[in-house]
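As provided, run13.cif (mmCIF, C-alpha atoms) reads as follows.
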```
data_work
loop_
_atom_site.label_atom_id
_atom_site.label_comp_id
_atom_site.auth_asym_id
_atom_site.auth_seq_id
_atom_site.Cartn_x
_atom_site.Cartn_y
_atom_site.Cartn_z
CA MET A 27 0.00 0.00 0.00
CA GLN A 28 2.84 2.38 0.83
CA GLY A 29 4.50 1.74 -2.51
CA LEU A 30 1.22 2.42 -4.27
CA LEU A 31 0.78 5.73 -2.46
CA LEU A 32 4.33 6.74 -3.36
CA ARG A 33 3.59 6.12 -7.02
CA LEU A 34 0.47 8.27 -6.78
CA SER A 35 2.62 11.30 -6.02
CA THR A 36 4.30 10.96 -9.45
CA LEU A 37 1.04 11.03 -11.40
CA ASP A 38 0.01 14.13 -13.28
CA THR A 39 -3.61 13.48 -12.41
CA ASP A 40 -5.28 14.34 -9.13
CA ALA A 41 -3.83 12.10 -6.42
CA GLU A 42 -7.04 12.36 -4.41
CA SER A 43 -8.95 10.91 -7.35
CA ALA A 44 -6.50 8.01 -7.51
CA VAL A 45 -7.03 7.30 -3.83
CA ARG A 46 -10.78 7.27 -4.46
CA VAL A 47 -10.25 4.70 -7.22
CA ILE A 48 -8.49 2.51 -4.65
CA ALA A 49 -11.37 3.00 -2.20
CA TYR A 50 -13.86 2.18 -4.95
CA PHE A 51 -12.30 -1.22 -5.65
CA ASP A 52 -11.79 -1.86 -1.94
CA SER A 53 -15.55 -1.43 -1.49
CA LEU A 54 -16.20 -3.95 -4.27
CA VAL A 55 -13.93 -6.50 -2.59
CA ARG A 56 -15.45 -5.79 0.82
CA ASP A 57 -18.94 -6.38 -0.58
CA HIS A 58 -17.92 -9.80 -2.02
CA VAL A 59 -19.07 -8.97 -5.55
CA THR A 60 -19.33 -11.64 -8.23
CA VAL A 61 -17.22 -11.62 -11.39
CA PRO A 62 -20.02 -10.11 -13.58
CA VAL A 63 -20.58 -7.33 -11.04
CA LEU A 64 -16.85 -6.59 -10.84
CA LEU A 65 -16.63 -6.37 -14.64
CA ALA A 66 -19.69 -4.10 -14.87
CA ALA A 67 -18.39 -1.85 -12.08
CA THR A 68 -14.94 -1.53 -13.68
CA ALA A 69 -16.31 -0.86 -17.17
CA ARG A 70 -18.61 1.86 -15.85
CA LEU A 71 -15.78 3.43 -13.89
CA ALA A 72 -13.31 3.44 -16.78
CA ARG A 73 -15.93 4.14 -19.47
CA CYS A 74 -14.38 1.53 -21.75
CA PRO A 75 -14.77 -2.23 -22.29
CA VAL A 76 -12.95 -4.48 -19.84
CA GLY A 77 -12.41 -8.22 -19.77
CA LEU A 78 -11.37 -11.15 -17.62
CA HIS A 79 -9.92 -14.54 -18.48
CA ASP A 80 -10.69 -17.22 -15.90
CA ALA A 81 -7.93 -19.79 -16.37
CA THR A 82 -9.80 -22.35 -14.25
CA THR A 83 -12.85 -22.50 -16.51
CA GLY A 84 -11.23 -21.21 -19.70
CA ARG A 85 -13.93 -18.53 -20.08
CA ARG A 86 -13.17 -15.03 -21.33
CA LEU A 87 -15.76 -12.46 -20.30
CA ARG A 88 -15.98 -8.96 -21.73
CA THR A 89 -18.24 -6.15 -20.46
CA GLY A 90 -18.86 -2.74 -21.99
CA PRO A 91 -19.62 0.56 -20.24
CA ASP A 92 -23.34 -0.13 -20.77
CA GLY A 93 -23.04 -3.18 -18.52
CA ARG A 94 -23.63 -5.74 -21.27
CA SER A 95 -21.52 -8.86 -20.96
CA ALA A 96 -20.62 -11.59 -23.41
CA ASP A 97 -18.21 -14.50 -23.73
CA THR A 98 -15.33 -13.74 -26.08
CA GLU A 99 -13.46 -16.15 -28.29
CA THR A 100 -10.43 -17.76 -26.73
CA PRO A 101 -7.37 -16.28 -28.47
CA ARG A 102 -5.06 -18.56 -30.38
CA ALA A 103 -1.57 -19.17 -29.04
CA GLY A 104 0.45 -15.98 -28.99
CA GLU A 105 -2.60 -13.75 -29.11
CA GLY A 106 -3.05 -12.56 -25.54
CA PRO A 107 -5.67 -9.98 -24.61
CA GLY A 108 -3.13 -7.22 -24.84
CA ALA A 109 -2.24 -7.85 -28.47
CA GLY A 110 -4.62 -5.28 -29.92
CA GLU A 111 -3.94 -1.56 -30.14
CA GLY A 112 -5.30 0.33 -27.15
CA VAL A 113 -5.67 -2.84 -25.09
CA ARG A 114 -3.77 -3.05 -21.80
CA ALA A 115 -3.60 -6.34 -19.89
CA ARG A 116 -2.33 -7.65 -16.58
CA GLU A 117 -1.73 -11.26 -15.59
CA LEU A 118 -3.26 -12.45 -12.33
CA SER A 119 -1.10 -14.13 -9.71
CA GLY A 120 -1.25 -17.86 -9.12
CA GLY A 121 -2.13 -18.59 -12.73
CA LEU A 122 -5.73 -17.49 -12.15
CA GLY A 123 -5.91 -15.78 -15.55
CA SER A 124 -5.72 -12.18 -16.69
CA VAL A 125 -7.69 -8.93 -16.96
CA TRP A 126 -7.62 -6.22 -19.58
CA MET A 127 -8.96 -2.79 -20.57
CA GLU A 128 -9.78 -1.70 -24.12
CA ARG A 129 -9.22 2.05 -24.38
CA GLU A 130 -9.61 3.78 -27.74
CA GLY A 131 -7.25 6.69 -28.25
CA ALA A 132 -4.68 7.92 -25.77
CA PRO A 133 -4.63 6.27 -22.32
CA HIS A 134 -5.88 8.24 -19.33
CA GLY A 135 -3.72 9.18 -16.40
CA LEU A 136 -5.35 6.80 -13.93
CA ASP A 137 -5.56 3.76 -16.20
CA ASP A 138 -2.57 2.15 -14.47
CA ILE A 139 -4.23 2.43 -11.07
CA VAL A 140 -7.59 1.24 -12.37
CA LEU A 141 -6.01 -1.80 -14.07
CA GLU A 142 -3.94 -2.65 -11.01
CA ARG A 143 -6.87 -2.48 -8.60
CA PHE A 144 -9.08 -4.32 -11.12
CA ALA A 145 -6.54 -7.15 -11.21
CA ALA A 146 -6.25 -7.30 -7.42
CA ALA A 147 -10.03 -7.39 -7.04
CA ALA A 148 -10.33 -10.06 -9.75
CA GLU A 149 -7.84 -12.31 -7.95
CA LEU A 150 -9.80 -12.15 -4.71
CA THR A 151 -13.14 -12.60 -6.48
CA LEU A 152 -11.98 -15.69 -8.39
CA GLU A 153 -10.44 -17.20 -5.27
CA ARG A 154 -13.65 -16.65 -3.31
CA ALA A 155 -15.75 -18.17 -6.08
CA ALA A 156 -13.55 -21.27 -6.09
CA ALA A 157 -13.76 -21.53 -2.30
CA GLN A 158 -17.55 -21.20 -2.37
CA ALA A 159 -17.80 -24.00 -4.91
CA ARG A 160 -15.62 -26.22 -2.72
CA GLU A 161 -17.75 -25.41 0.34
CA GLY A 162 -21.01 -26.20 -1.43
CA ARG A 163 -22.21 -22.58 -1.60
CA ASP A 164 -22.47 -22.46 -5.38
CA PRO A 165 -25.73 -20.61 -6.31
CA ALA A 166 -26.29 -23.16 -9.10
CA LEU A 167 -26.80 -25.80 -6.42
CA VAL A 168 -29.48 -23.68 -4.76
CA GLU A 169 -31.25 -23.24 -8.10
CA LEU A 170 -31.07 -26.98 -8.64
CA VAL A 171 -32.62 -27.71 -5.24
CA LEU A 172 -35.45 -25.21 -5.81
CA SER A 173 -36.30 -26.17 -9.39
CA ALA A 174 -39.49 -28.19 -9.81
CA GLU A 175 -37.85 -29.90 -12.80
CA THR A 176 -35.03 -31.44 -10.74
CA GLY A 177 -35.16 -35.20 -10.18
CA GLU A 178 -35.17 -36.69 -6.69
CA ALA A 179 -31.63 -38.06 -6.93
CA GLU A 180 -30.23 -34.81 -8.36
CA ARG A 181 -31.91 -32.75 -5.63
CA ALA A 182 -30.59 -35.06 -2.90
CA ARG A 183 -27.04 -34.78 -4.24
CA ALA A 184 -27.28 -30.98 -4.53
CA LEU A 185 -28.61 -30.77 -0.96
CA ARG A 186 -25.67 -32.79 0.34
CA LEU A 187 -23.22 -30.55 -1.50
CA LEU A 188 -24.90 -27.57 0.17
CA GLY A 189 -24.43 -29.25 3.55
CA PHE A 190 -28.04 -30.42 4.07
CA ALA A 191 -29.51 -33.90 4.28
CA PRO A 192 -32.63 -34.50 2.14
CA SER A 193 -34.60 -34.95 5.37
CA THR A 194 -33.38 -31.69 6.93
CA PRO A 195 -36.28 -29.26 7.49
CA LEU A 196 -35.72 -26.24 5.23
CA GLN A 197 -37.60 -23.02 4.73
CA ALA A 198 -37.45 -21.22 1.38
CA MET A 199 -37.65 -17.44 1.31
CA ALA A 200 -38.05 -15.11 -1.67
CA PHE A 201 -37.29 -11.43 -1.50
CA ALA A 202 -37.64 -8.88 -4.26
CA LEU A 203 -34.46 -7.26 -5.51
CA PRO A 204 -34.42 -3.52 -6.26
CA ARG A 205 -35.80 -2.57 -9.66
CA ASP A 206 -32.53 -0.76 -10.42
CA PRO A 207 -29.64 -2.19 -8.42
CA LEU A 208 -27.03 0.17 -9.91
CA GLN A 209 -27.24 2.63 -7.04
CA VAL A 210 -24.76 3.08 -4.24
CA THR A 211 -23.65 5.94 -2.11
CA ALA A 212 -21.61 8.74 -3.63
CA SER A 213 -18.79 8.14 -1.14
CA THR A 214 -17.42 5.24 -3.21
CA LEU A 215 -17.21 7.29 -6.41
CA PRO A 216 -14.30 9.34 -7.66
CA ARG A 217 -14.94 13.07 -7.72
CA ASP A 218 -15.48 15.24 -10.77
CA SER A 219 -11.71 15.56 -11.25
CA LEU A 220 -11.54 11.81 -11.88
CA GLN A 221 -14.48 12.09 -14.28
CA ALA A 222 -12.53 14.65 -16.27
CA THR A 223 -9.35 12.60 -16.45
CA THR A 224 -10.65 9.06 -16.78
CA SER A 225 -14.14 9.48 -18.25
CA THR A 226 -15.80 7.84 -15.25
CA ILE A 227 -19.43 7.42 -14.41
CA PRO A 228 -21.50 10.62 -14.53
CA ARG A 229 -22.64 11.92 -11.16
CA ASP A 230 -26.32 11.13 -11.50
CA PRO A 231 -28.87 8.94 -9.68
CA LEU A 232 -27.64 5.77 -11.46
CA ARG A 233 -24.22 5.97 -9.97
CA THR A 234 -22.37 2.68 -9.73
CA THR A 235 -22.63 -0.99 -9.32
CA ALA A 236 -20.67 -1.74 -6.20
CA SER A 237 -22.73 -2.41 -3.10
CA ALA A 238 -26.34 -2.85 -4.17
CA LEU A 239 -25.69 -5.63 -6.67
CA SER A 240 -23.67 -7.64 -4.25
CA ARG A 241 -25.17 -7.04 -0.85
CA ASP A 242 -27.64 -9.54 0.47
CA PRO A 243 -28.98 -7.84 3.61
CA LEU A 244 -31.57 -10.48 4.38
CA ALA A 245 -29.13 -13.40 4.14
CA ALA A 246 -26.47 -11.47 6.07
CA GLY A 247 -28.98 -10.61 8.76
CA LEU A 248 -30.17 -14.20 9.01
CA ARG A 249 -26.60 -15.42 9.33
CA ALA A 250 -26.04 -12.87 12.09
CA MET A 251 -29.09 -14.35 13.85
CA GLY A 252 -27.43 -17.80 13.77
CA HIS A 253 -29.27 -19.36 10.82
CA ARG A 254 -27.60 -21.60 8.22
CA VAL A 255 -28.28 -19.86 4.91
CA ARG A 256 -27.69 -20.58 1.21
CA THR A 257 -28.69 -18.08 -1.48
CA ALA A 258 -29.06 -17.64 -5.24
CA ARG A 259 -30.45 -14.98 -7.52
CA ILE A 260 -33.36 -16.23 -9.64
CA GLY A 261 -34.78 -13.61 -12.02
CA ASP A 262 -35.76 -10.50 -10.09
CA THR A 263 -35.90 -12.48 -6.86
CA GLN A 264 -33.29 -13.55 -4.32
CA ALA A 265 -33.81 -17.13 -3.17
CA VAL A 266 -32.79 -17.97 0.39
CA LEU A 267 -32.72 -21.46 1.90
CA VAL A 268 -32.75 -21.51 5.70
CA ALA A 269 -32.14 -24.63 7.76
CA THR A 270 -34.02 -23.44 10.85
CA THR A 271 -37.47 -21.98 11.32
CA VAL A 272 -37.43 -18.21 10.95
CA GLU A 273 -39.56 -16.65 13.64
CA GLY A 274 -39.93 -13.17 15.08
CA GLU A 275 -38.53 -10.02 13.51
CA LEU A 276 -36.60 -10.28 10.26
CA PRO A 277 -33.69 -8.03 9.25
CA GLU A 278 -34.93 -4.84 7.63
CA GLY A 279 -34.77 -4.84 3.85
CA ALA A 280 -36.77 -5.73 0.79
CA ARG A 281 -40.20 -7.33 0.50
CA VAL A 282 -40.05 -10.96 1.62
CA GLY A 283 -42.24 -14.01 1.00
CA ILE A 284 -41.66 -16.96 3.35
CA GLY A 285 -42.55 -20.53 2.43
CA PRO A 286 -43.46 -23.30 4.86
CA GLU A 287 -40.85 -25.45 6.58
CA LEU A 288 -40.57 -28.74 4.68
CA PRO A 289 -37.97 -31.51 4.28
CA GLY A 290 -35.16 -30.59 1.90
CA SER A 291 -36.49 -33.10 -0.62
CA HIS A 292 -39.59 -30.85 -0.90
CA ALA A 293 -37.70 -27.55 -1.05
CA ALA A 294 -39.17 -26.77 -4.49
CA GLU A 295 -42.65 -26.76 -2.94
CA SER A 296 -41.57 -24.37 -0.19
CA TRP A 297 -39.96 -22.13 -2.82
CA ALA A 298 -43.13 -22.04 -4.94
CA LYS A 299 -45.16 -21.05 -1.90
CA ALA A 300 -42.59 -18.43 -0.90
CA ARG A 301 -42.94 -16.84 -4.35
CA THR A 302 -46.72 -16.86 -3.92
CA ALA A 303 -46.38 -15.13 -0.55
CA LEU A 304 -44.04 -12.55 -2.11
CA ARG A 305 -46.76 -11.58 -4.58
CA PHE A 306 -48.97 -10.47 -1.69
CA THR A 307 -46.36 -8.13 -0.21
CA GLY A 308 -46.49 -4.36 -0.54
CA PRO A 309 -45.05 -1.13 0.87
CA HIS A 310 -46.87 -1.65 4.17
CA ASP A 311 -46.87 -5.46 4.17
CA ARG A 312 -43.22 -6.17 3.53
CA VAL A 313 -43.11 -9.65 5.07
CA VAL A 314 -45.79 -12.22 4.20
CA ARG A 315 -45.73 -15.87 5.28
CA TRP A 316 -47.48 -18.42 3.10
CA THR A 317 -48.91 -20.06 6.22
CA ASP A 318 -50.68 -16.75 7.05
CA LEU A 319 -52.34 -16.40 3.65
CA GLY A 320 -54.96 -19.06 4.20
CA ALA A 321 -57.65 -18.98 1.51
CA LEU A 322 -56.03 -15.87 -0.05
CA ALA A 323 -53.39 -18.14 -1.60
CA LEU A 324 -56.02 -19.51 -3.98
CA PHE A 325 -56.37 -16.08 -5.63
CA ALA A 326 -52.74 -16.24 -6.80
CA ASP A 327 -53.85 -18.77 -9.45
CA LEU A 328 -56.40 -16.40 -10.99
CA PRO A 329 -55.50 -14.88 -14.39
CA GLY A 330 -54.16 -11.34 -14.03
CA PRO A 331 -56.59 -9.80 -16.57
CA ALA A 332 -59.55 -11.30 -14.71
CA VAL A 333 -58.36 -9.81 -11.41
CA ALA A 334 -57.73 -6.42 -13.05
CA GLU A 335 -61.31 -6.31 -14.34
CA LEU A 336 -62.90 -6.78 -10.91
CA ALA A 337 -64.87 -3.66 -9.98
CA ASP A 338 -63.55 -3.54 -6.41
CA VAL A 339 -59.94 -3.81 -7.57
CA ARG A 340 -60.40 -1.08 -10.17
CA ALA A 341 -62.04 1.19 -7.60
CA MET A 342 -59.29 0.54 -5.05
CA ALA A 343 -56.67 1.39 -7.67
CA ARG A 344 -58.23 4.85 -8.08
CA LEU A 345 -57.60 5.77 -4.43
CA SER A 346 -54.65 7.94 -3.49
CA GLU A 347 -51.84 6.58 -1.32
CA ASP A 348 -53.24 8.36 1.77
CA HIS A 349 -56.68 6.87 1.26
CA LEU A 350 -55.26 3.39 0.61
CA LEU A 351 -53.31 3.66 3.86
CA ALA A 352 -56.48 4.70 5.70
CA VAL A 353 -58.47 1.75 4.29
CA ARG A 354 -55.70 -0.67 5.18
CA ALA A 355 -55.49 0.71 8.71
CA LEU A 356 -59.25 0.40 9.16
CA CYS A 357 -59.28 -3.18 7.89
CA SER A 358 -56.55 -4.08 10.38
CA ALA A 359 -57.86 -2.15 13.40
CA GLY A 360 -61.61 -2.62 12.97
CA SER A 361 -62.61 0.91 14.01
CA VAL A 362 -61.92 4.45 12.83
CA ARG A 363 -60.53 5.57 16.18
CA ALA A 364 -58.16 2.59 16.49
CA ALA A 365 -57.07 3.03 12.85
CA ALA A 366 -56.35 6.74 13.48
CA THR A 367 -54.20 5.84 16.48
CA GLY A 368 -52.30 3.26 14.45
CA VAL A 369 -51.26 5.74 11.75
CA HIS A 370 -50.93 8.75 14.10
CA LEU A 371 -53.88 10.73 12.69
CA HIS A 372 -56.68 12.60 14.42
CA HIS A 373 -59.82 10.47 14.31
CA SER A 374 -61.72 13.19 12.43
CA SER A 375 -59.07 13.23 9.71
CA MET A 376 -59.24 9.44 9.49
CA ALA A 377 -63.04 9.58 9.28
CA ALA A 378 -62.81 12.07 6.42
CA ARG A 379 -60.43 9.85 4.50
CA ILE A 380 -62.61 6.78 5.04
CA ALA A 381 -65.68 8.69 3.85
CA ARG A 382 -63.83 9.73 0.70
CA ALA A 383 -62.68 6.13 0.13
CA GLU A 384 -66.22 4.81 0.56
CA SER A 385 -67.51 7.26 -2.07
CA VAL A 386 -64.96 5.88 -4.57
CA LEU A 387 -65.38 2.22 -3.62
CA GLY A 388 -69.15 2.33 -3.66
CA PHE A 389 -69.71 0.41 -0.44
CA SER A 390 -69.52 1.03 3.32
CA LEU A 391 -66.54 0.11 5.47
CA ALA A 392 -68.49 0.41 8.72
CA ASP A 393 -69.39 -3.29 8.95
CA PRO A 394 -67.18 -6.43 8.90
CA ALA A 395 -68.50 -7.51 5.48
CA GLY A 396 -67.43 -4.22 3.89
CA ARG A 397 -64.00 -4.35 5.52
CA LEU A 398 -63.51 -7.94 4.39
CA ARG A 399 -64.40 -6.87 0.86
CA ALA A 400 -61.88 -4.01 1.04
CA HIS A 401 -59.20 -6.26 2.53
CA LEU A 402 -59.58 -8.69 -0.36
CA ALA A 403 -59.44 -5.87 -2.93
CA LEU A 404 -56.22 -4.56 -1.32
CA ALA A 405 -54.65 -8.03 -1.47
CA LEU A 406 -55.62 -8.47 -5.12
CA LEU A 407 -54.20 -5.03 -5.93
CA ARG A 408 -50.84 -6.08 -4.47
CA LEU A 409 -51.07 -9.32 -6.41
CA LEU A 410 -51.40 -7.39 -9.68
CA ALA A 411 -48.57 -4.99 -8.81
CA ASN A 412 -46.18 -7.90 -8.19
CA ALA A 413 -47.10 -9.90 -11.30
CA THR A 414 -43.89 -8.95 -13.17
CA THR A 415 -41.61 -10.03 -10.33
CA ALA A 416 -43.39 -13.37 -10.01
CA GLU A 417 -43.10 -14.07 -13.75
CA ALA A 418 -39.37 -13.26 -13.75
CA ALA A 419 -38.74 -15.54 -10.78
CA THR A 420 -40.69 -18.37 -12.40
CA ALA A 421 -38.73 -18.00 -15.62
CA GLY A 422 -35.45 -17.95 -13.71
CA ALA A 423 -36.31 -21.09 -11.76
CA ALA A 424 -37.19 -22.94 -14.97
CA ASN A 425 -33.86 -21.99 -16.55
CA VAL A 426 -31.76 -24.65 -14.80
CA THR A 427 -30.67 -26.72 -17.78
CA ALA A 428 -29.42 -30.31 -17.76
CA ALA A 429 -25.87 -29.10 -18.42
CA THR A 430 -26.00 -26.74 -15.44
CA ALA A 431 -27.40 -29.48 -13.26
CA ALA A 432 -24.70 -31.93 -14.26
CA THR A 433 -21.94 -29.38 -13.74
CA ALA A 434 -23.26 -28.26 -10.35
CA THR A 435 -23.45 -31.79 -9.03
CA GLY A 436 -20.15 -32.91 -10.45
CA GLY A 437 -21.54 -35.00 -13.29
CA THR A 438 -21.04 -34.85 -17.04
CA PRO A 439 -23.47 -32.95 -19.27
CA ALA A 440 -25.41 -35.14 -21.65
#
```

Would you write out, as structure tokens, the structure that this file holds?
Amino acid sequence: MQGLLLRLSTLDTDAESAVRVIAYFDSLVRDHVTVPVLLAATARLARCPVGLHDATTGRRLRTGPDGRSADTETPRAGEGPGAGEGVRARELSGGLGSVWMEREGAPHGLDDIVLERFAAAAELTLERAAAQAREGRDPALVELVLSAETGEAERARALRLLGFAPSTPLQAMAFALPRDPLQVTASTLPRDSLQATTSTIPRDPLRTTASALSRDPLAAGLRAMGHRVRTARIGDTQAVLVATTVEGELPEGARVGIGPELPGSHAAESWAKARTALRFTGPHDRVVRWTDLGALALFADLPGPAVAELADVRAMARLSEDHLLAVRALCSAGSVRAAATGVHLHHSSMAARIARAESVLGFSLADPAGRLRAHLALALLRLLANATTAEAATAGAANVTAATAATATGGTPA
């Protein structure tokens, strides 16, 4: 580190910006990012394509500043990644592979620092990935366990590699990832001086990739609570397998659907029910357990267009956020005064909001039947709002191919 800081003093560019580049990559390493996230973060920082050669798997990945990744052709002998004009490469220690940057035109003053820190981060990321695979924490194994298409023998083998017996009681959890994960705090970004000298990411709301793509607050919180946890990203949903019953308060974070506790051999069923529970979550109902849904779970099988055409759902959708909150509070509390206390409103203000909601809904909320009707309409409204997330998760779960399954469990693809 001292040698690196000494070299910074010889650069023509702003030394403070160089130090911020170091901090940026340190944050990526600290957040345990995956290889695709590291590539996307580096490409956005440098505003040029970057690549990585994983010598263990033989894959060469290349990512552009727009975040799009693709496998590249393996060069023939004597054609390393640095052979082209404007391409600068660095070999990784331990024979792990190499990384490179593809800069058109003259190099920028901080390219050496960016490439060096990129290489250091890549070494740690590849080593961690290999260690996770050895320890049975490969996300592909989790996908295999949760897929309804997996055979009994394959699921049992994947469970053992994850450290679970097929008879171990497991609980599947599904939590929604942010719509746009490319947001982190400004403290990890180089300042405007670095933007001027290295063409880095613009200082706007979509800032970088570092923390949000890699952090798993729910899993980290569960581990801190003493639970054995395995995770995988499936579509727009993070899948979490927990080996002990999750009770009480959960770590704060995204919307969470919790499936029932079942033997590991039936983990796919728990996962399906966790995804169903997730569809009933909302801004004020962030954690929903499938076991608490009761008969509501049946409505998840209704076609979306049919639900959207229901008069009560359409009327509920016309209410403002304040009026929706008032209706929800009344359905939970059972009386206007108790609902007002729950949301810290004067009871007259709550009564006014309820009266306005009743005029839009077309029925009274004063009796249990009306409140039940409103409660059901609220649940169906959340179901519609979460339809996209559920479809993405379903598609992701179905995307575990035979080749992936064979590779994850140590077999040979057909």

Q: Find the distance between CA of Trp297 (chain A) and CA of Pro329 (chain A) and write it in Å to one decimal.
A: 20.7 Å

(Q) For this structure, which residues satisfy the selection - the PyMOL selection byres ((chain A and resi 184) around 7) - when it is evaluated on the file as given? I want them as a count of residues only. (A) 12

Q.
To one decimal place in Å, what is the distance between CA of Ile139 (chain A) and CA of Val45 (chain A)?
A. 9.2 Å

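Residues in contact with region 119-124 of chain A at 9 Å, where only C-alpha atoms are counted and same-chain residues fewer than 4 positions away are skipped, are listed as Gly77, Leu78, His79, Asp80, Ala81, Thr82, Gly84, Pro107, Ala115, Ala145, Ala146, Ala148, Glu149, Leu152 and Glu153 of chain A.
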
Q) Which distance in Å separates CA of Ala258 (chain A) and CA of Lys299 (chain A), to one decimal? A) 16.8 Å

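If all atoms listed in the file are the atoms counted, then among A:Leu54, A:Val369, A:Cys74, A:Met199 the closest residue to Phe144 (chain A) is A:Leu54.
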
Q. Out of A:Ser95, A:Thr176, A:Val76, A:Gln197, which residue has the shortest atom-to-atom distance to Glu130 (chain A) when counting only C-alpha atoms?
A.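 Of the candidates, the smallest distance to Glu130 (chain A) is held by A:Val76.
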
(Q) Using only C-alpha atoms, can you tell me which of A:Ala41, A:Leu136, A:Ala377, A:Ala66 comes closest to Ala392 (chain A)? (A)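 That would be A:Ala377, the residue with the smallest distance to Ala392 (chain A).
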
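You can rank A:Ala179, A:Val339, A:Leu172, A:Leu350 by their closest distance to Thr257 (chain A) using only C-alpha atoms, and at the top of that list sits A:Leu172.
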
Q. Pick from A:Ala395, A:Ala132, A:Leu150, A:Ala355: nearest to Asp57 (chain A), with all atoms listed in the file counted?
A.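 Residue with the minimum atom-to-atom distance to Asp57 (chain A): A:Leu150.
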
(Q) Please determine, counting all atoms listed in the file, which residue among A:Asp262, A:Asp52, A:Glu178, A:Glu169 has the shortest atom-to-atom distance to Leu203 (chain A). (A)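 Nearest to Leu203 (chain A): A:Asp262.
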
The PyMOL selection byres ((chain A and resi 379) around 12) applied to the shown file, residues as a JSON list (two decimals) with C-alpha atoms, in the frame of the given file:
```json
[["chain", "number", "residue", "atom", "x", "y", "z"],
["A", 345, "LEU", "CA", -57.60, 5.77, -4.43],
["A", 346, "SER", "CA", -54.65, 7.94, -3.49],
["A", 347, "GLU", "CA", -51.84, 6.58, -1.32],
["A", 348, "ASP", "CA", -53.24, 8.36, 1.77],
["A", 349, "HIS", "CA", -56.68, 6.87, 1.26],
["A", 350, "LEU", "CA", -55.26, 3.39, 0.61],
["A", 351, "LEU", "CA", -53.31, 3.66, 3.86],
["A", 352, "ALA", "CA", -56.48, 4.70, 5.70],
["A", 353, "VAL", "CA", -58.47, 1.75, 4.29],
["A", 354, "ARG", "CA", -55.70, -0.67, 5.18],
["A", 355, "ALA", "CA", -55.49, 0.71, 8.71],
["A", 356, "LEU", "CA", -59.25, 0.40, 9.16],
["A", 362, "VAL", "CA", -61.92, 4.45, 12.83],
["A", 365, "ALA", "CA", -57.07, 3.03, 12.85],
["A", 366, "ALA", "CA", -56.35, 6.74, 13.48],
["A", 371, "LEU", "CA", -53.88, 10.73, 12.69],
["A", 372, "HIS", "CA", -56.68, 12.60, 14.42],
["A", 373, "HIS", "CA", -59.82, 10.47, 14.31],
["A", 374, "SER", "CA", -61.72, 13.19, 12.43],
["A", 375, "SER", "CA", -59.07, 13.23, 9.71],
["A", 376, "MET", "CA", -59.24, 9.44, 9.49],
["A", 377, "ALA", "CA", -63.04, 9.58, 9.28],
["A", 378, "ALA", "CA", -62.81, 12.07, 6.42],
["A", 380, "ILE", "CA", -62.61, 6.78, 5.04],
["A", 381, "ALA", "CA", -65.68, 8.69, 3.85],
["A", 382, "ARG", "CA", -63.83, 9.73, 0.70],
["A", 383, "ALA", "CA", -62.68, 6.13, 0.13],
["A", 384, "GLU", "CA", -66.22, 4.81, 0.56],
["A", 385, "SER", "CA", -67.51, 7.26, -2.07],
["A", 386, "VAL", "CA", -64.96, 5.88, -4.57],
["A", 391, "LEU", "CA", -66.54, 0.11, 5.47]]
```

Q) Excluding same-chain residues fewer than 5 positions from Leu304 (chain A), what lies within 9 Å of it counting all atoms listed in the file, as a list in words? A) Met199, Ala200, Phe201, Ala202, Arg281, Val282, Gly283, Ile284, Lys299, Arg312, Val313, Val314, Arg315, Trp316, Leu409, Asn412, Thr415 and Ala416 of chain A

Q | Matched chain/residue IDs from the PyMOL selection byres ((chain A and resi 141) around 12), as a PyMOL selection string | A | chain A and resi 44+47-48+51+65+68-69+71-72+74+76-78+113-118+124-129+133-140+142-148
